[in-house]
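K.L.:
Sending over target.cif (mmCIF, C-alpha atoms).
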```
data_input
loop_
_atom_site.label_atom_id
_atom_site.label_comp_id
_atom_site.auth_asym_id
_atom_site.auth_seq_id
_atom_site.Cartn_x
_atom_site.Cartn_y
_atom_site.Cartn_z
CA MET O 361 -15.95 -10.02 -16.47
CA LYS O 362 -12.85 -12.11 -15.86
CA THR O 363 -9.39 -10.62 -15.32
CA ASN O 364 -8.03 -11.41 -18.78
CA GLU O 365 -11.09 -9.89 -20.44
CA LEU O 366 -10.70 -6.70 -18.42
CA LEU O 367 -6.98 -6.51 -19.16
CA SER O 368 -7.68 -6.80 -22.89
CA LEU O 369 -10.56 -4.33 -22.86
CA VAL O 370 -8.84 -1.60 -20.86
CA ASP O 371 -5.26 -2.38 -21.89
CA ILE O 372 -4.04 -1.91 -18.31
CA PRO O 373 -1.04 -3.90 -17.05
CA ARG O 374 -1.96 -6.74 -14.70
CA HIS O 375 0.20 -5.39 -11.87
CA LYS O 376 -1.58 -2.02 -12.06
CA LEU O 377 -4.98 -3.73 -11.88
CA TYR O 378 -3.90 -5.77 -8.85
CA TYR O 379 -2.51 -2.62 -7.22
CA LEU O 380 -5.90 -0.91 -7.58
CA GLU O 381 -7.46 -3.92 -5.88
CA GLN O 382 -4.80 -3.95 -3.15
CA LYS O 383 -5.51 -0.28 -2.38
CA GLY O 384 -9.25 -1.00 -2.16
CA TYR O 385 -10.18 1.15 -5.17
CA ILE O 386 -11.91 -1.83 -6.75
CA VAL O 387 -13.28 -4.94 -5.05
CA PRO O 388 -13.94 -7.73 -7.53
CA GLN O 389 -15.94 -10.75 -6.48
CA ARG O 390 -13.79 -13.79 -5.73
CA ILE O 391 -14.94 -17.08 -7.24
CA PRO O 392 -13.37 -20.26 -5.82
CA MET O 393 -11.76 -22.51 -8.43
CA GLY O 394 -10.26 -25.45 -6.61
CA ASP O 395 -7.23 -24.19 -4.67
CA LEU O 396 -7.34 -20.84 -6.47
CA GLU O 397 -9.77 -17.97 -6.81
CA ALA O 398 -10.83 -16.16 -9.96
CA ARG O 399 -11.73 -12.50 -9.93
CA GLU O 400 -15.06 -11.42 -11.41
CA PHE O 401 -15.33 -7.71 -12.16
CA SER O 402 -18.70 -5.97 -12.23
CA ASP O 403 -19.65 -3.45 -14.92
CA GLU O 404 -19.08 -0.73 -12.31
CA ASP O 405 -15.57 -2.10 -11.61
CA VAL O 406 -14.80 -2.02 -15.34
CA ARG O 407 -15.97 1.59 -15.74
CA LEU O 408 -13.96 2.62 -12.69
CA VAL O 409 -10.79 0.87 -13.89
CA GLU O 410 -11.17 2.51 -17.33
CA ALA O 411 -11.49 5.94 -15.76
CA ILE O 412 -8.65 5.44 -13.26
CA TRP O 413 -6.36 4.14 -16.00
CA LYS O 414 -7.14 7.18 -18.16
CA TYR O 415 -5.98 9.49 -15.36
CA LEU O 416 -2.94 7.37 -14.48
CA LYS O 417 -1.80 7.58 -18.11
CA LYS O 418 -2.11 11.39 -17.86
CA GLY O 419 0.39 11.32 -15.00
CA PHE O 420 -1.84 11.58 -11.94
CA LYS O 421 -0.92 9.64 -8.80
CA HIS O 422 -3.12 6.65 -7.94
CA ARG O 423 -5.19 8.33 -5.21
CA VAL O 424 -5.84 11.43 -7.31
CA ALA O 425 -6.67 9.30 -10.37
CA TYR O 426 -9.15 7.33 -8.24
CA GLN O 427 -10.78 10.50 -6.91
CA LYS O 428 -11.05 12.03 -10.39
CA ALA O 429 -12.48 8.77 -11.76
CA LEU O 430 -15.13 8.65 -9.03
CA LYS O 431 -16.11 12.24 -9.72
CA GLU O 432 -16.26 11.58 -13.47
CA LEU O 433 -18.45 8.51 -13.03
CA GLU O 434 -20.68 10.35 -10.58
CA MET O 435 -21.16 13.17 -13.08
CA ARG O 436 -21.84 10.65 -15.85
CA ASP O 437 -24.47 8.90 -13.71
CA VAL O 438 -26.18 12.16 -12.75
CA SER O 439 -26.49 13.23 -16.38
CA SER O 440 -27.67 9.83 -17.66
CA PRO O 441 -31.25 9.57 -18.97
CA ARG O 442 -32.06 6.73 -16.55
CA HIS O 443 -31.14 8.94 -13.60
CA LYS O 444 -33.31 11.79 -14.86
CA GLU O 445 -36.31 9.49 -15.28
CA ALA O 446 -36.05 8.31 -11.68
CA ALA O 447 -36.03 11.90 -10.36
#
```
Please lay out the structure from this file as structure tokens.

P.N.:
Amino acid sequence: MKTNELLSLVDIPRHKLYYLEQKGYIVPQRIPMGDLEAREFSDEDVRLVEAIWKYLKKGFKHRVAYQKALKELEMRDVSSPRHKEAA
């Protein structure tokens, strides 16, 4: 997913998204486009940004929001039907 698509989907400000990338919380793929690079976000990146943004809007600091988001996504993955089938 491209940056503008993610920004529209999650409704996160661009500078907040770039800050999450700067801190290493998300690592989108970089796609060369002439002299520039486009960011391509994976489905996992999108879910993580959604979860982090939810906690940031609740007033948590970035690091805590990231940690809570990781825990939430981990719990979601553990309880998913696909995960149970593999076990």

K.L.:
Starting from the PyMOL selection byres ((chain O and resi 406) around 12), expand the selection into actual residues of this file and give them as a PDB file with C-alpha atoms, in the frame of the given file.

P.N.:
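Listed below is the output, expr15.pdb:
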```pdb
ATOM      1  CA  MET O 361     -15.950 -10.020 -16.470  1.00  0.00           C
ATOM      2  CA  LYS O 362     -12.850 -12.110 -15.860  1.00  0.00           C
ATOM      3  CA  THR O 363      -9.390 -10.620 -15.320  1.00  0.00           C
ATOM      4  CA  GLU O 365     -11.090  -9.890 -20.440  1.00  0.00           C
ATOM      5  CA  LEU O 366     -10.700  -6.700 -18.420  1.00  0.00           C
ATOM      6  CA  LEU O 367      -6.980  -6.510 -19.160  1.00  0.00           C
ATOM      7  CA  SER O 368      -7.680  -6.800 -22.890  1.00  0.00           C
ATOM      8  CA  LEU O 369     -10.560  -4.330 -22.860  1.00  0.00           C
ATOM      9  CA  VAL O 370      -8.840  -1.600 -20.860  1.00  0.00           C
ATOM     10  CA  ASP O 371      -5.260  -2.380 -21.890  1.00  0.00           C
ATOM     11  CA  ILE O 372      -4.040  -1.910 -18.310  1.00  0.00           C
ATOM     12  CA  LEU O 377      -4.980  -3.730 -11.880  1.00  0.00           C
ATOM     13  CA  LEU O 380      -5.900  -0.910  -7.580  1.00  0.00           C
ATOM     14  CA  TYR O 385     -10.180   1.150  -5.170  1.00  0.00           C
ATOM     15  CA  ILE O 386     -11.910  -1.830  -6.750  1.00  0.00           C
ATOM     16  CA  VAL O 387     -13.280  -4.940  -5.050  1.00  0.00           C
ATOM     17  CA  PRO O 388     -13.940  -7.730  -7.530  1.00  0.00           C
ATOM     18  CA  GLU O 400     -15.060 -11.420 -11.410  1.00  0.00           C
ATOM     19  CA  PHE O 401     -15.330  -7.710 -12.160  1.00  0.00           C
ATOM     20  CA  SER O 402     -18.700  -5.970 -12.230  1.00  0.00           C
ATOM     21  CA  ASP O 403     -19.650  -3.450 -14.920  1.00  0.00           C
ATOM     22  CA  GLU O 404     -19.080  -0.730 -12.310  1.00  0.00           C
ATOM     23  CA  ASP O 405     -15.570  -2.100 -11.610  1.00  0.00           C
ATOM     24  CA  ARG O 407     -15.970   1.590 -15.740  1.00  0.00           C
ATOM     25  CA  LEU O 408     -13.960   2.620 -12.690  1.00  0.00           C
ATOM     26  CA  VAL O 409     -10.790   0.870 -13.890  1.00  0.00           C
ATOM     27  CA  GLU O 410     -11.170   2.510 -17.330  1.00  0.00           C
ATOM     28  CA  ALA O 411     -11.490   5.940 -15.760  1.00  0.00           C
ATOM     29  CA  ILE O 412      -8.650   5.440 -13.260  1.00  0.00           C
ATOM     30  CA  TRP O 413      -6.360   4.140 -16.000  1.00  0.00           C
ATOM     31  CA  ALA O 429     -12.480   8.770 -11.760  1.00  0.00           C
ATOM     32  CA  LEU O 433     -18.450   8.510 -13.030  1.00  0.00           C
TER      33      LEU O 433
END
```

K.L.:
What separation in Å, quoted to one decimal, exists between atom CA of O:Lys421 and atom CA of O:Arg390?

P.N.:
26.9 Å

K.L.:
May I ask which of the residues O:Lys428, O:Glu434, O:Leu416, O:His422 is the closest one to O:Gly384, counting all atoms listed in the file?

P.N.:
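Looking at the shortest contact to O:Gly384, the residue is O:His422.
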
K.L.:
Which one is closest to O:Ala398: O:Asn364, O:Tyr415, O:Glu432, O:Asp437? Count only C-alpha atoms.

P.N.:
O:Asn364

K.L.:
Between atom CA of O:Val424 and atom CA of O:Tyr378, measure the distance and give it in Å to one decimal.

P.N.:
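Pair atom CA of O:Val424 / atom CA of O:Tyr378 returns 17.4 Å.
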